[in-house]
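Quick look at data16.txt (compact mmCIF, C-alpha atoms):
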# COMPACT_ATOMS: atom_id res chain seq x y z
CA MET A 294 14.95 13.85 -48.91
CA LYS A 295 16.42 15.50 -45.81
CA GLY A 296 12.96 16.12 -44.30
CA LYS A 297 12.02 12.50 -44.92
CA ASN A 298 15.07 11.29 -42.94
CA ILE A 299 14.30 13.63 -40.04
CA PHE A 300 10.71 12.36 -39.97
CA ARG A 301 11.93 8.74 -39.92
CA ILE A 302 14.33 9.51 -37.06
CA LEU A 303 11.57 11.21 -35.05
CA ILE A 304 9.21 8.28 -35.59
CA LEU A 305 11.97 5.87 -34.56
CA ILE A 306 12.60 7.87 -31.36
CA VAL A 307 8.88 7.89 -30.53
CA VAL A 308 8.64 4.13 -31.05
CA ILE A 309 11.71 3.50 -28.88
CA LEU A 310 10.38 5.72 -26.09
CA PHE A 311 6.98 4.06 -26.21
CA THR A 312 8.55 0.61 -26.15
CA THR A 313 10.71 1.54 -23.16
CA VAL A 314 7.77 2.86 -21.16
CA TYR A 315 5.63 -0.12 -22.14
CA ILE A 316 8.29 -2.63 -21.06
CA ALA A 317 8.82 -0.82 -17.73
CA GLN A 318 5.08 -0.97 -17.08
CA ALA A 319 4.84 -4.60 -18.19
CA LEU A 320 7.67 -5.67 -15.92
CA GLY A 321 5.94 -4.07 -12.94
CA TYR A 322 8.53 -1.44 -12.05
CA TYR A 323 5.89 0.97 -10.75
CA GLU A 324 4.19 -1.70 -8.65
CA TYR A 325 7.57 -2.79 -7.26
CA THR A 326 8.46 0.74 -6.12
CA ASN A 327 5.03 1.09 -4.49
CA HIS A 328 5.48 -2.27 -2.75
CA LYS A 329 8.89 -1.18 -1.44
CA THR A 330 7.43 2.04 -0.07
CA ASN A 331 4.57 0.14 1.55
CA GLN A 332 7.02 -2.31 3.12
CA LEU A 333 9.07 0.55 4.59
CA THR A 334 5.89 2.01 6.05
CA GLU A 335 4.95 -1.30 7.65
CA GLU A 336 8.42 -1.57 9.18
CA ALA A 337 8.10 1.97 10.57
CA VAL A 338 4.73 1.09 12.15
CA LYS A 339 6.22 -2.03 13.77
CA GLN A 340 9.14 0.01 15.15
CA PHE A 341 6.71 2.67 16.40
CA GLU A 342 4.60 0.05 18.21
CA LYS A 343 7.72 -1.56 19.66
CA ASP A 344 9.03 1.78 20.99
CA LEU A 345 5.57 2.64 22.35
CA ALA A 346 5.36 -0.70 24.18
CA ALA A 347 8.85 -0.12 25.61
CA GLY A 348 7.66 3.20 27.09
CA LYS A 349 9.91 5.41 25.01
CA THR A 350 8.90 8.94 24.11
CA VAL A 351 7.77 8.73 20.52
CA LYS A 352 7.14 11.31 17.83
CA ALA A 353 5.44 10.34 14.60
CA SER A 354 7.93 12.44 12.63
CA ASP A 355 10.73 10.11 13.74
CA TYR A 356 9.10 7.25 11.86
CA LEU A 357 8.10 9.02 8.68
CA LYS A 358 10.32 8.71 5.65
CA GLN A 359 11.68 12.02 4.45
CA GLU A 360 10.80 12.63 0.82
CA ASN A 361 13.56 14.02 -1.36
CA ASP A 362 12.61 16.75 -3.78
CA TYR A 363 14.30 16.08 -7.09
CA ASN A 364 12.43 18.72 -9.05
CA ASN A 365 14.70 20.92 -11.10
CA ASN A 366 14.64 22.45 -14.56
CA ILE A 367 16.01 19.31 -16.22
CA SER A 368 13.42 17.01 -14.65
CA LYS A 369 10.64 19.46 -15.53
CA LEU A 370 11.94 19.57 -19.10
CA GLY A 371 11.96 15.77 -19.18
CA ILE A 372 8.36 15.61 -17.98
CA THR A 373 7.31 18.23 -20.53
CA MET A 374 9.08 16.38 -23.34
CA SER A 375 7.51 13.11 -22.22
CA ASN A 376 4.05 14.67 -22.32
CA VAL A 377 4.70 16.16 -25.78
CA VAL A 378 5.97 12.84 -27.14
CA GLY A 379 2.96 11.07 -25.64
CA ASP A 380 0.56 13.56 -27.23
CA ILE A 381 2.29 13.28 -30.60
CA PHE A 382 2.26 9.49 -30.45
CA ASP A 383 -1.40 9.50 -29.46
CA GLY A 384 -2.22 11.81 -32.36
CA ILE A 385 -0.30 9.69 -34.85
CA MET A 386 -1.94 6.47 -33.68
CA ASN A 387 -5.41 8.06 -33.81
CA PHE A 388 -4.72 9.30 -37.35
CA ILE A 389 -3.48 5.90 -38.49
CA PHE A 390 -6.50 4.08 -37.07
CA GLN A 391 -8.89 6.65 -38.51
CA GLN A 392 -7.37 6.09 -41.95
CA ILE A 393 -7.60 2.33 -41.53
CA ASN A 394 -11.22 2.71 -40.44
CA LYS A 395 -12.01 4.85 -43.50
CA THR A 396 -10.32 2.33 -45.77
CA VAL A 397 -12.09 -0.67 -44.27
CA ASN A 398 -15.52 0.94 -44.03
CA GLY A 399 -15.16 2.64 -47.39
Represent the structure contained in this file as structure tokens.
Amino acid sequence: MKGKNIFRILILIVVILFTTVYIAQALGYYEYTNHKTNQLTEEAVKQFEKDLAAGKTVKASDYLKQENDYNNNISKLGITMSNVVGDIFDGIMNFIFQQINKTVNG
């Protein structure tokens, strides 16, 4: 009985994680962040051209956005866990659909 409850909790966690990622993708969060980055780049190009036309001494590095490195052990663990959960979910879904296919096709 105890193992059955743990299995149910794990399945529930996998479904919640999948739903969260799916909703974030459906709402366009990734596209929005890319659009924001692109917009910042366009603004930097306009400022660069403006400074160049004004005769200022320009360096390309002054107009590039500095990337922050947020990699640490916790973020790496999160990525690893995400990959494991994704693989498990993929395996479970493949198994379920294989069983359905066997049942339907006899």
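With all atoms listed in the file as the basis for measurement, A:Asp355 is the residue among A:Asp355, A:Gly379, A:Ile309, A:Thr396 that approaches Ala337 in chain A most closely.
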**Report entry** Interatomic distance, CA of Gly399 in chain A to CA of Ile385 in chain A (Å, one decimal)
**Finding:**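 Between CA of Gly399 in chain A and CA of Ile385 in chain A the gap works out to 20.7 Å.
Considering the residues A:Ile393, A:Ile316, A:Val351, A:Leu310 and counting all atoms listed in the file, Val338 in chain A has its shortest atom-to-atom contact with A:Val351.
Interatomic distance, CA of Phe382 in chain A to CA of Ser368 in chain A: 20.8 Å.
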Requested in this report: Calculate how many Å separate CA of Asn364 in chain A from CA of Asn331 in chain A, rounding to one decimal.
Outcome: 22.8 Å
Query - Pick from A:Thr330, A:Asn365, A:Val378, A:Leu370 nearest to Leu305 in chain A, counting all atoms listed in the file - result: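 The shortest atom-to-atom distance to Leu305 in chain A comes from A:Val378.
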Could you give me, as a PDB file with C-alpha atoms, in the frame of the given file, the residues within 12 Å of Ile381 in chain A, counting only C-alpha atoms and dropping anything in the same chain fewer than 2 positions from it?
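Generated file (result.pdb):
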ATOM      1  CA  LEU A 303      11.570  11.210 -35.050  1.00  0.00           C
ATOM      2  CA  ILE A 304       9.210   8.280 -35.590  1.00  0.00           C
ATOM      3  CA  ILE A 306      12.600   7.870 -31.360  1.00  0.00           C
ATOM      4  CA  VAL A 307       8.880   7.890 -30.530  1.00  0.00           C
ATOM      5  CA  VAL A 308       8.640   4.130 -31.050  1.00  0.00           C
ATOM      6  CA  LEU A 310      10.380   5.720 -26.090  1.00  0.00           C
ATOM      7  CA  PHE A 311       6.980   4.060 -26.210  1.00  0.00           C
ATOM      8  CA  MET A 374       9.080  16.380 -23.340  1.00  0.00           C
ATOM      9  CA  SER A 375       7.510  13.110 -22.220  1.00  0.00           C
ATOM     10  CA  ASN A 376       4.050  14.670 -22.320  1.00  0.00           C
ATOM     11  CA  VAL A 377       4.700  16.160 -25.780  1.00  0.00           C
ATOM     12  CA  VAL A 378       5.970  12.840 -27.140  1.00  0.00           C
ATOM     13  CA  GLY A 379       2.960  11.070 -25.640  1.00  0.00           C
ATOM     14  CA  ASP A 383      -1.400   9.500 -29.460  1.00  0.00           C
ATOM     15  CA  GLY A 384      -2.220  11.810 -32.360  1.00  0.00           C
ATOM     16  CA  ILE A 385      -0.300   9.690 -34.850  1.00  0.00           C
ATOM     17  CA  MET A 386      -1.940   6.470 -33.680  1.00  0.00           C
ATOM     18  CA  ASN A 387      -5.410   8.060 -33.810  1.00  0.00           C
ATOM     19  CA  PHE A 388      -4.720   9.300 -37.350  1.00  0.00           C
TER      20      PHE A 388
END
